Amino acid sequence: MLEKEQRILAQDSDDVNTKVHDLPEMMLSTAVRRGIMQGRNREMRRRKLFYGIGAIAVGAAAIMITISSLGDAPKEKPYELVQTASSPQPADFESFRPIAAQDQGIAAALDQGLVKRIDQSVEKNGFRIDIAGAFTDGRKAYIMYSAQNLTDHTAHPLVESLDFGGVEASNFRAGSKHAMSSNQLSPGQTGYYVYTANLVPSASYKGDATLAVKIWDSTTNEYRDQLKFTIPLEPNMFKNEERVYHPGSTLIVDGQKINVRQVQFTPLNTYVDLEYDRSNGKQIFKLLNPVLIGRSGDKIQKVYYPDTMFSDETKVTLVFKTNTFDQLDRTELKVAGVAALDKDKMKIVVDLNKKEIIEAPDDHIQIIEPEGPAGAGEILFHFKLEKAQAAESFGLWLEDSFTDAEGVKHKRLSPENITQSGHIVSRNPDDSTEDYNPYNFGKEALDYPQPLTIGIKQYWNPIMESQSVELVSKKSNR
């Protein structure tokens, strides 16, 4: 899989996780795997299928319905605050080195010797967990741990939460990274993990940290234990080593203002906090191909492909894999454009009885006939865009409620018959993107006053306009 495709698939998966984080982790995992198998059967020639929020959320809902029909889910054991012991043998942090390829912060901490040694161990019912080390720069927290399966069942650990002084870290893109083919551990196997969580700058985090871990038994399909660990870790270990700038500058793309609120350099990463101006006429969904550019004399350094934190309709934080660019003569942020849509176009209006679109953002979205039968109140939206900057694209995302012609709001129903769903990205040189998005109004909606209006939460509309903005310079900092 191409690097860009991998990033997009990870982005989709992360976004799904934040939208349906209330689902039990194993149910969501099962839904994702089932969605992938269905999608492979519909794979188009010379094209790569990426699953968007609709496909996975629909699959997750189906899993919930199936479980409900079978009876109550197994009861989980309550969390037990465990008393850890010192690990009999201090951890070798280099055991976690293979995971560093997935996160610059891990690599930076290992390279600079910044990991705080914890060496706490606990064994419970044949499953052993060793907390090796931890570190945080106040923006991201990292917990390095190993797990050893001493049972005769396949099992694995699932970190559910991390908090500092009772204040829980965000679950936005939180999760355990590993370098194995699977996070499941066979009997006798040992695995190495790094749990990462994003920290909200405005939160009042305090030491110490508490880590909540579940042990999932893949044989019995239930959690065998739920444990909590107390870790001696302050929420910002590198306070004296960070550099924070407030440039007060604005990036303007297609007339839309993107204000630079803060640039923060820590020993682990560079964080660029951006805010979309309230006066903008368009809703910005994404910055296209953001690049951090550092200049020193005739030399130019560039860092591509940042991660994102706390991205919503008002703001986004870009996380770049570097921490030294403020030491150069000048640092700037450059983008190739934005994905954005006029705020007054963020809706689709349909006549359900006629199965016609009355109003939409553009003519790229249509109602088509599904491959099989549809429920009385079901329709299938199809979106296709050529020259779409497809490698950067995301899936169509609609509101879970709609209003009738009299302004009465109704809830969207779970899919009834239509199974087509997904986000399709072409390979170069086609550069096109497609979405199949089923929407079930319910058969009662046929009698509602027409037309019906659905709000749009996310719509792929790339606007290519390269612009840059200065973040830090030695001249301006004097």
# chains A, B, ... in the order shown; residues from 1 in each chain; ligands from 1

$ residues_around --residues "stretch 101-105 of chain A" --least-positions-apart "3" --cutoff "6 Å" --atoms "only C-alpha atoms" --output "list of chain:residue names"
A:Ala108, A:Leu268, A:Lys321

$ select_by_dssp --residues "stretch 47-277 of chain A" --states "strand (DSSP E or B)" --output "PDB file with C-alpha atoms, in the first residue's frame"
ATOM      1  CA  ARG A  47      -8.800   1.059  -7.666  1.00  0.00           C
ATOM      2  CA  LYS A  48      -8.224   1.000  -3.946  1.00  0.00           C
ATOM      3  CA  LEU A  49     -11.183   0.976  -1.576  1.00  0.00           C
ATOM      4  CA  PHE A  50     -10.951   2.926   1.665  1.00  0.00           C
ATOM      5  CA  GLU A  80      -9.496  -3.379  40.287  1.00  0.00           C
ATOM      6  CA  LEU A  81      -6.807  -0.952  41.469  1.00  0.00           C
ATOM      7  CA  ALA A  85       5.649  -4.745  42.288  1.00  0.00           C
ATOM      8  CA  SER A  86       9.044  -3.752  40.991  1.00  0.00           C
ATOM      9  CA  LYS A 116      11.123   8.042  32.648  1.00  0.00           C
ATOM     10  CA  ARG A 117      11.768   4.552  33.976  1.00  0.00           C
ATOM     11  CA  ILE A 118       8.759   3.045  35.769  1.00  0.00           C
ATOM     12  CA  ASP A 119       9.442  -0.722  35.981  1.00  0.00           C
ATOM     13  CA  GLN A 120       6.148  -1.696  37.611  1.00  0.00           C
ATOM     14  CA  SER A 121       4.830  -5.226  37.194  1.00  0.00           C
ATOM     15  CA  VAL A 122       1.661  -7.132  37.992  1.00  0.00           C
ATOM     16  CA  GLU A 123       0.494 -10.658  37.193  1.00  0.00           C
ATOM     17  CA  LYS A 124      -3.211 -11.475  37.375  1.00  0.00           C
ATOM     18  CA  PHE A 127      -1.552 -12.506  32.383  1.00  0.00           C
ATOM     19  CA  ARG A 128       1.393 -10.265  33.197  1.00  0.00           C
ATOM     20  CA  ILE A 129       1.810  -6.564  32.442  1.00  0.00           C
ATOM     21  CA  ASP A 130       5.032  -4.602  32.922  1.00  0.00           C
ATOM     22  CA  ILE A 131       4.900  -0.804  32.773  1.00  0.00           C
ATOM     23  CA  ALA A 132       8.401  -0.085  31.488  1.00  0.00           C
ATOM     24  CA  GLY A 133       8.495   3.681  31.129  1.00  0.00           C
ATOM     25  CA  ALA A 134       6.522   6.801  30.321  1.00  0.00           C
ATOM     26  CA  PHE A 135       6.946  10.377  29.117  1.00  0.00           C
ATOM     27  CA  THR A 136       4.841  13.394  28.131  1.00  0.00           C
ATOM     28  CA  ASP A 137       5.404  16.909  26.859  1.00  0.00           C
ATOM     29  CA  LYS A 140       0.900  13.973  24.059  1.00  0.00           C
ATOM     30  CA  ALA A 141       1.416  11.282  26.685  1.00  0.00           C
ATOM     31  CA  TYR A 142       3.171   7.960  26.095  1.00  0.00           C
ATOM     32  CA  ILE A 143       3.081   4.801  28.237  1.00  0.00           C
ATOM     33  CA  MET A 144       5.480   1.988  27.295  1.00  0.00           C
ATOM     34  CA  TYR A 145       4.409  -1.451  28.489  1.00  0.00           C
ATOM     35  CA  SER A 146       4.836  -5.118  27.732  1.00  0.00           C
ATOM     36  CA  ALA A 147       2.350  -7.935  28.171  1.00  0.00           C
ATOM     37  CA  GLN A 148       3.036 -11.623  28.594  1.00  0.00           C
ATOM     38  CA  ASN A 149       0.314 -14.207  28.086  1.00  0.00           C
ATOM     39  CA  ALA A 155      -5.640 -12.859  24.797  1.00  0.00           C
ATOM     40  CA  HIS A 156      -4.455  -9.272  24.656  1.00  0.00           C
ATOM     41  CA  PRO A 157      -4.490  -6.022  26.664  1.00  0.00           C
ATOM     42  CA  LEU A 158      -6.693  -3.077  25.759  1.00  0.00           C
ATOM     43  CA  VAL A 159      -5.955   0.296  27.342  1.00  0.00           C
ATOM     44  CA  GLU A 160      -9.235   2.096  27.907  1.00  0.00           C
ATOM     45  CA  SER A 161      -8.152   5.363  29.507  1.00  0.00           C
ATOM     46  CA  LEU A 162      -5.366   7.451  30.978  1.00  0.00           C
ATOM     47  CA  ASP A 163      -5.892  10.269  33.427  1.00  0.00           C
ATOM     48  CA  PHE A 164      -3.782  12.682  35.423  1.00  0.00           C
ATOM     49  CA  VAL A 167      -8.710  14.373  34.726  1.00  0.00           C
ATOM     50  CA  GLU A 168      -9.000  11.963  31.809  1.00  0.00           C
ATOM     51  CA  SER A 170      -8.759  12.785  25.415  1.00  0.00           C
ATOM     52  CA  ASN A 171      -9.639   9.552  23.629  1.00  0.00           C
ATOM     53  CA  PHE A 172      -9.253  11.339  20.276  1.00  0.00           C
ATOM     54  CA  ARG A 173      -6.868   9.058  18.372  1.00  0.00           C
ATOM     55  CA  ALA A 174      -5.703   7.462  21.592  1.00  0.00           C
ATOM     56  CA  GLY A 175      -4.549   3.865  21.348  1.00  0.00           C
ATOM     57  CA  SER A 176      -1.743   1.366  21.721  1.00  0.00           C
ATOM     58  CA  LYS A 177       0.823   1.082  18.962  1.00  0.00           C
ATOM     59  CA  HIS A 178       2.760  -2.147  18.412  1.00  0.00           C
ATOM     60  CA  LEU A 185      -0.932 -12.718  22.151  1.00  0.00           C
ATOM     61  CA  THR A 190       5.156 -11.460  24.923  1.00  0.00           C
ATOM     62  CA  GLY A 191       4.200  -8.234  23.185  1.00  0.00           C
ATOM     63  CA  TYR A 192       5.501  -4.655  23.400  1.00  0.00           C
ATOM     64  CA  TYR A 193       3.185  -1.651  23.189  1.00  0.00           C
ATOM     65  CA  VAL A 194       3.213   2.129  23.490  1.00  0.00           C
ATOM     66  CA  TYR A 195      -0.066   3.737  24.477  1.00  0.00           C
ATOM     67  CA  THR A 196      -0.429   7.324  23.238  1.00  0.00           C
ATOM     68  CA  ALA A 197      -3.040   9.887  24.250  1.00  0.00           C
ATOM     69  CA  ASN A 198      -3.543  13.517  23.325  1.00  0.00           C
ATOM     70  CA  ALA A 209      -1.251   9.132  36.184  1.00  0.00           C
ATOM     71  CA  THR A 210      -3.784   6.294  36.268  1.00  0.00           C
ATOM     72  CA  LEU A 211      -3.903   3.745  33.463  1.00  0.00           C
ATOM     73  CA  ALA A 212      -7.021   1.582  32.985  1.00  0.00           C
ATOM     74  CA  VAL A 213      -6.368  -1.724  31.195  1.00  0.00           C
ATOM     75  CA  LYS A 214      -8.732  -4.513  30.157  1.00  0.00           C
ATOM     76  CA  ILE A 215      -7.566  -8.052  29.376  1.00  0.00           C
ATOM     77  CA  TRP A 216      -9.604  -9.544  26.533  1.00  0.00           C
ATOM     78  CA  ASP A 217      -9.800 -13.338  26.287  1.00  0.00           C
ATOM     79  CA  GLU A 222     -15.053 -11.647  27.338  1.00  0.00           C
ATOM     80  CA  TYR A 223     -12.879  -9.447  29.492  1.00  0.00           C
ATOM     81  CA  ARG A 224     -11.114 -11.651  32.019  1.00  0.00           C
ATOM     82  CA  ASP A 225      -9.787  -8.740  34.122  1.00  0.00           C
ATOM     83  CA  GLN A 226      -9.978  -4.967  34.335  1.00  0.00           C
ATOM     84  CA  LEU A 227      -7.042  -3.342  36.081  1.00  0.00           C
ATOM     85  CA  LYS A 228      -5.932   0.161  37.031  1.00  0.00           C
ATOM     86  CA  PHE A 229      -2.316   1.187  37.554  1.00  0.00           C
ATOM     87  CA  THR A 230      -1.014   4.289  39.300  1.00  0.00           C
ATOM     88  CA  ILE A 231       2.085   5.642  37.590  1.00  0.00           C
ATOM     89  CA  ASN A 236       4.490  17.916  31.571  1.00  0.00           C
ATOM     90  CA  ARG A 243       9.544  26.939  23.331  1.00  0.00           C
ATOM     91  CA  VAL A 244       6.213  28.603  22.669  1.00  0.00           C
ATOM     92  CA  TYR A 245       5.509  31.335  20.094  1.00  0.00           C
ATOM     93  CA  THR A 250      -3.047  34.482   9.423  1.00  0.00           C
ATOM     94  CA  LEU A 251      -2.964  32.037   6.526  1.00  0.00           C
ATOM     95  CA  ILE A 252      -5.482  33.074   3.855  1.00  0.00           C
ATOM     96  CA  VAL A 253      -6.641  30.494   1.291  1.00  0.00           C
ATOM     97  CA  GLN A 256     -10.729  32.024   4.115  1.00  0.00           C
ATOM     98  CA  LYS A 257      -8.745  33.047   7.195  1.00  0.00           C
ATOM     99  CA  ILE A 258      -6.829  30.463   9.211  1.00  0.00           C
ATOM    100  CA  ASN A 259      -5.370  32.101  12.312  1.00  0.00           C
ATOM    101  CA  VAL A 260      -2.140  30.809  13.851  1.00  0.00           C
ATOM    102  CA  ARG A 261      -2.803  30.795  17.587  1.00  0.00           C
ATOM    103  CA  GLN A 262       0.360  29.104  18.824  1.00  0.00           C
ATOM    104  CA  VAL A 263       3.474  27.278  17.709  1.00  0.00           C
ATOM    105  CA  GLN A 264       5.028  25.020  20.323  1.00  0.00           C
ATOM    106  CA  PHE A 265       8.354  23.209  20.089  1.00  0.00           C
ATOM    107  CA  THR A 270       6.296  20.654  16.872  1.00  0.00           C
ATOM    108  CA  TYR A 271       2.655  21.618  17.461  1.00  0.00           C
ATOM    109  CA  VAL A 272       0.976  24.242  15.269  1.00  0.00           C
ATOM    110  CA  ASP A 273      -2.398  25.324  16.691  1.00  0.00           C
ATOM    111  CA  LEU A 274      -4.696  26.822  14.058  1.00  0.00           C
ATOM    112  CA  GLU A 275      -8.174  28.301  14.331  1.00  0.00           C
ATOM    113  CA  TYR A 276     -10.629  28.887  11.486  1.00  0.00           C
TER     114      TYR A 276
END

$ residues_around --residues "stretch 363-373 of chain A" --least-positions-apart "2" --cutoff "6 Å" --atoms "only C-alpha atoms" --output "ChimeraX atom specification"
/A:380-384

$ closest_residue --among "A:Ile463, A:Ala179, A:Ile284, A:Leu150" --to "A:Arg97" --atoms "only C-alpha atoms"
A:Ala179

$ residues_around --residues "A:Thr324" --least-positions-apart "5" --cutoff "12 Å" --atoms "only C-alpha atoms" --output "PDB file with C-alpha atoms, in the first residue's frame"
ATOM      1  CA  ALA A 108      12.747  11.401  19.902  1.00  0.00           C
ATOM      2  CA  GLU A 241      12.635  22.714  27.573  1.00  0.00           C
ATOM      3  CA  GLU A 242       9.664  23.795  25.480  1.00  0.00           C
ATOM      4  CA  ARG A 243       9.544  26.939  23.331  1.00  0.00           C
ATOM      5  CA  GLN A 264       5.028  25.020  20.323  1.00  0.00           C
ATOM      6  CA  PHE A 265       8.354  23.209  20.089  1.00  0.00           C
ATOM      7  CA  THR A 266       8.975  20.440  22.617  1.00  0.00           C
ATOM      8  CA  PRO A 267      11.689  17.765  22.768  1.00  0.00           C
ATOM      9  CA  LEU A 268       9.202  15.429  21.082  1.00  0.00           C
ATOM     10  CA  ASN A 269       7.337  17.318  18.337  1.00  0.00           C
ATOM     11  CA  THR A 270       6.296  20.654  16.872  1.00  0.00           C
ATOM     12  CA  TYR A 271       2.655  21.618  17.461  1.00  0.00           C
ATOM     13  CA  LEU A 292       6.632  22.881   7.584  1.00  0.00           C
ATOM     14  CA  ILE A 293       9.495  24.732   5.906  1.00  0.00           C
ATOM     15  CA  GLY A 294      12.622  25.866   7.700  1.00  0.00           C
ATOM     16  CA  ARG A 295      15.155  28.196   6.120  1.00  0.00           C
ATOM     17  CA  SER A 296      18.678  28.985   7.232  1.00  0.00           C
ATOM     18  CA  GLN A 301      14.422  21.869   5.260  1.00  0.00           C
ATOM     19  CA  LYS A 302      10.913  20.511   4.859  1.00  0.00           C
ATOM     20  CA  VAL A 303       8.728  18.223   6.959  1.00  0.00           C
ATOM     21  CA  ASP A 329      16.432  31.715  10.489  1.00  0.00           C
ATOM     22  CA  ARG A 330      12.798  31.326   9.541  1.00  0.00           C
ATOM     23  CA  THR A 331      10.001  28.760   9.769  1.00  0.00           C
ATOM     24  CA  VAL A 472       8.752  31.920  13.559  1.00  0.00           C
TER      25      VAL A 472
END

$ closest_residue --among "A:Gln467, A:Thr403, A:Asn323, A:Asn240" --to "A:Gly337" --atoms "only C-alpha atoms"
A:Gln467

$ residues_around --residues "A:Met464" --least-positions-apart "5" --cutoff "12 Å" --atoms "only C-alpha atoms" --output "list in words"
Val253, Asp254, Lys286, Leu287, Leu288, Asn289, Val335, Ala336, Gly337, Val338, Ala339, Ala340, Lys387, Ala388, Gln389 and Glu392 of chain A

$ write_last_selection --atoms "N, CA, C and O atoms" --output "PDB file, in the first residue's frame"
ATOM      1  N   VAL A 253      -6.490  31.369   2.459  1.00  0.00           N
ATOM      2  CA  VAL A 253      -6.641  30.494   1.291  1.00  0.00           C
ATOM      3  C   VAL A 253      -8.052  30.675   0.750  1.00  0.00           C
ATOM      4  O   VAL A 253      -9.028  30.492   1.484  1.00  0.00           O
ATOM      5  N   ASP A 254      -8.161  31.050  -0.521  1.00  0.00           N
ATOM      6  CA  ASP A 254      -9.471  31.271  -1.149  1.00  0.00           C
ATOM      7  C   ASP A 254     -10.300  32.270  -0.338  1.00  0.00           C
ATOM      8  O   ASP A 254     -11.512  32.120  -0.209  1.00  0.00           O
ATOM      9  N   LYS A 286     -10.339  20.491   5.977  1.00  0.00           N
ATOM     10  CA  LYS A 286      -8.985  19.954   5.983  1.00  0.00           C
ATOM     11  C   LYS A 286      -8.041  20.895   5.249  1.00  0.00           C
ATOM     12  O   LYS A 286      -8.427  21.528   4.266  1.00  0.00           O
ATOM     13  N   LEU A 287      -6.798  20.978   5.735  1.00  0.00           N
ATOM     14  CA  LEU A 287      -5.732  21.651   5.005  1.00  0.00           C
ATOM     15  C   LEU A 287      -5.064  20.618   4.098  1.00  0.00           C
ATOM     16  O   LEU A 287      -4.749  19.515   4.540  1.00  0.00           O
ATOM     17  N   LEU A 288      -4.835  20.979   2.857  1.00  0.00           N
ATOM     18  CA  LEU A 288      -4.279  20.028   1.893  1.00  0.00           C
ATOM     19  C   LEU A 288      -2.762  20.141   1.836  1.00  0.00           C
ATOM     20  O   LEU A 288      -2.211  21.231   1.639  1.00  0.00           O
ATOM     21  N   ASN A 289      -2.112  19.016   2.026  1.00  0.00           N
ATOM     22  CA  ASN A 289      -0.649  18.907   1.947  1.00  0.00           C
ATOM     23  C   ASN A 289       0.096  19.981   2.741  1.00  0.00           C
ATOM     24  O   ASN A 289       0.925  20.712   2.190  1.00  0.00           O
ATOM     25  N   VAL A 335       0.594  25.399   2.545  1.00  0.00           N
ATOM     26  CA  VAL A 335      -0.438  24.427   2.184  1.00  0.00           C
ATOM     27  C   VAL A 335      -0.703  24.524   0.697  1.00  0.00           C
ATOM     28  O   VAL A 335      -0.468  25.567   0.069  1.00  0.00           O
ATOM     29  N   ALA A 336      -1.194  23.427   0.109  1.00  0.00           N
ATOM     30  CA  ALA A 336      -1.532  23.403  -1.307  1.00  0.00           C
ATOM     31  C   ALA A 336      -2.956  23.856  -1.559  1.00  0.00           C
ATOM     32  O   ALA A 336      -3.349  24.090  -2.704  1.00  0.00           O
ATOM     33  N   GLY A 337      -3.740  23.983  -0.478  1.00  0.00           N
ATOM     34  CA  GLY A 337      -5.129  24.388  -0.596  1.00  0.00           C
ATOM     35  C   GLY A 337      -5.914  23.922   0.611  1.00  0.00           C
ATOM     36  O   GLY A 337      -5.336  23.562   1.647  1.00  0.00           O
ATOM     37  N   VAL A 338      -7.230  23.918   0.477  1.00  0.00           N
ATOM     38  CA  VAL A 338      -8.096  23.461   1.556  1.00  0.00           C
ATOM     39  C   VAL A 338      -9.236  22.636   0.976  1.00  0.00           C
ATOM     40  O   VAL A 338      -9.587  22.775  -0.206  1.00  0.00           O
ATOM     41  N   ALA A 339      -9.798  21.773   1.798  1.00  0.00           N
ATOM     42  CA  ALA A 339     -11.075  21.136   1.484  1.00  0.00           C
ATOM     43  C   ALA A 339     -12.127  21.923   2.254  1.00  0.00           C
ATOM     44  O   ALA A 339     -12.091  21.971   3.480  1.00  0.00           O
ATOM     45  N   ALA A 340     -13.027  22.579   1.526  1.00  0.00           N
ATOM     46  CA  ALA A 340     -13.974  23.480   2.179  1.00  0.00           C
ATOM     47  C   ALA A 340     -15.258  23.561   1.364  1.00  0.00           C
ATOM     48  O   ALA A 340     -15.281  23.227   0.171  1.00  0.00           O
ATOM     49  N   LYS A 387     -10.449  14.656 -11.064  1.00  0.00           N
ATOM     50  CA  LYS A 387      -9.396  15.601 -10.666  1.00  0.00           C
ATOM     51  C   LYS A 387      -9.624  16.026  -9.219  1.00  0.00           C
ATOM     52  O   LYS A 387      -9.724  17.205  -8.893  1.00  0.00           O
ATOM     53  N   ALA A 388      -9.680  15.033  -8.360  1.00  0.00           N
ATOM     54  CA  ALA A 388     -10.198  15.221  -7.008  1.00  0.00           C
ATOM     55  C   ALA A 388      -9.142  15.340  -5.925  1.00  0.00           C
ATOM     56  O   ALA A 388      -9.493  15.396  -4.754  1.00  0.00           O
ATOM     57  N   GLN A 389      -7.845  15.354  -6.311  1.00  0.00           N
ATOM     58  CA  GLN A 389      -6.819  15.277  -5.261  1.00  0.00           C
ATOM     59  C   GLN A 389      -7.162  14.098  -4.351  1.00  0.00           C
ATOM     60  O   GLN A 389      -7.180  14.185  -3.128  1.00  0.00           O
ATOM     61  N   GLU A 392      -5.775  12.732  -0.934  1.00  0.00           N
ATOM     62  CA  GLU A 392      -6.004  13.483   0.301  1.00  0.00           C
ATOM     63  C   GLU A 392      -7.453  13.403   0.762  1.00  0.00           C
ATOM     64  O   GLU A 392      -7.806  13.949   1.800  1.00  0.00           O
TER      65      GLU A 392
END

$ atom_distance --atom1 "atom CA of A:Lys475" --atom2 "atom CA of A:His246"
14.4 Å

$ atom_distance --atom1 "atom CA of A:Ser311" --atom2 "atom CA of A:Ala391"
19.1 Å

$ closest_residue --among "A:Pro451, A:Thr322, A:Thr219, A:Arg278" --to "A:Ala107" --atoms "only C-alpha atoms"
A:Thr322

$ residues_around --residues "A:Asp344" --least-positions-apart "3" --cutoff "12 Å" --atoms "only C-alpha atoms" --output "PyMOL selection string"
chain A and resi 280-283+340-341+347-348+359-361+455-456

$ atom_distance --atom1 "atom CA of A:Lys474" --atom2 "atom CA of A:Leu328"
7.5 Å

$ closest_residue --among "A:Asn440, A:Asn221, A:Ser393, A:Thr151" --to "A:His410" --atoms "only C-alpha atoms"
A:Asn440

$ select_by_dssp --residues "stretch 245-478 of chain A" --states "alpha helix (DSSP H)" --output "ChimeraX atom specification"
/A:474-477

$ write_last_selection --atoms "N, CA, C and O atoms" --output "JSON list (two decimals), in the first residue's frame"
[["chain", "number", "residue", "atom", "x", "y", "z"],
["A", 474, "LYS", "N", 13.94, 34.51, 13.41],
["A", 474, "LYS", "CA", 14.88, 35.12, 14.35],
["A", 474, "LYS", "C", 14.71, 36.63, 14.37],
["A", 474, "LYS", "O", 14.82, 37.28, 15.41],
["A", 475, "LYS", "N", 14.40, 37.21, 13.21],
["A", 475, "LYS", "CA", 14.24, 38.66, 13.12],
["A", 475, "LYS", "C", 13.05, 39.13, 13.94],
["A", 475, "LYS", "O", 13.14, 40.09, 14.70],
["A", 476, "SER", "N", 11.89, 38.42, 13.81],
["A", 476, "SER", "CA", 10.69, 38.84, 14.52],
["A", 476, "SER", "C", 10.75, 38.52, 16.00],
["A", 476, "SER", "O", 10.01, 39.10, 16.79],
["A", 477, "ASN", "N", 11.63, 37.59, 16.40],
["A", 477, "ASN", "CA", 11.71, 37.21, 17.79],
["A", 477, "ASN", "C", 12.65, 38.09, 18.60],
["A", 477, "ASN", "O", 12.76, 37.96, 19.81]]
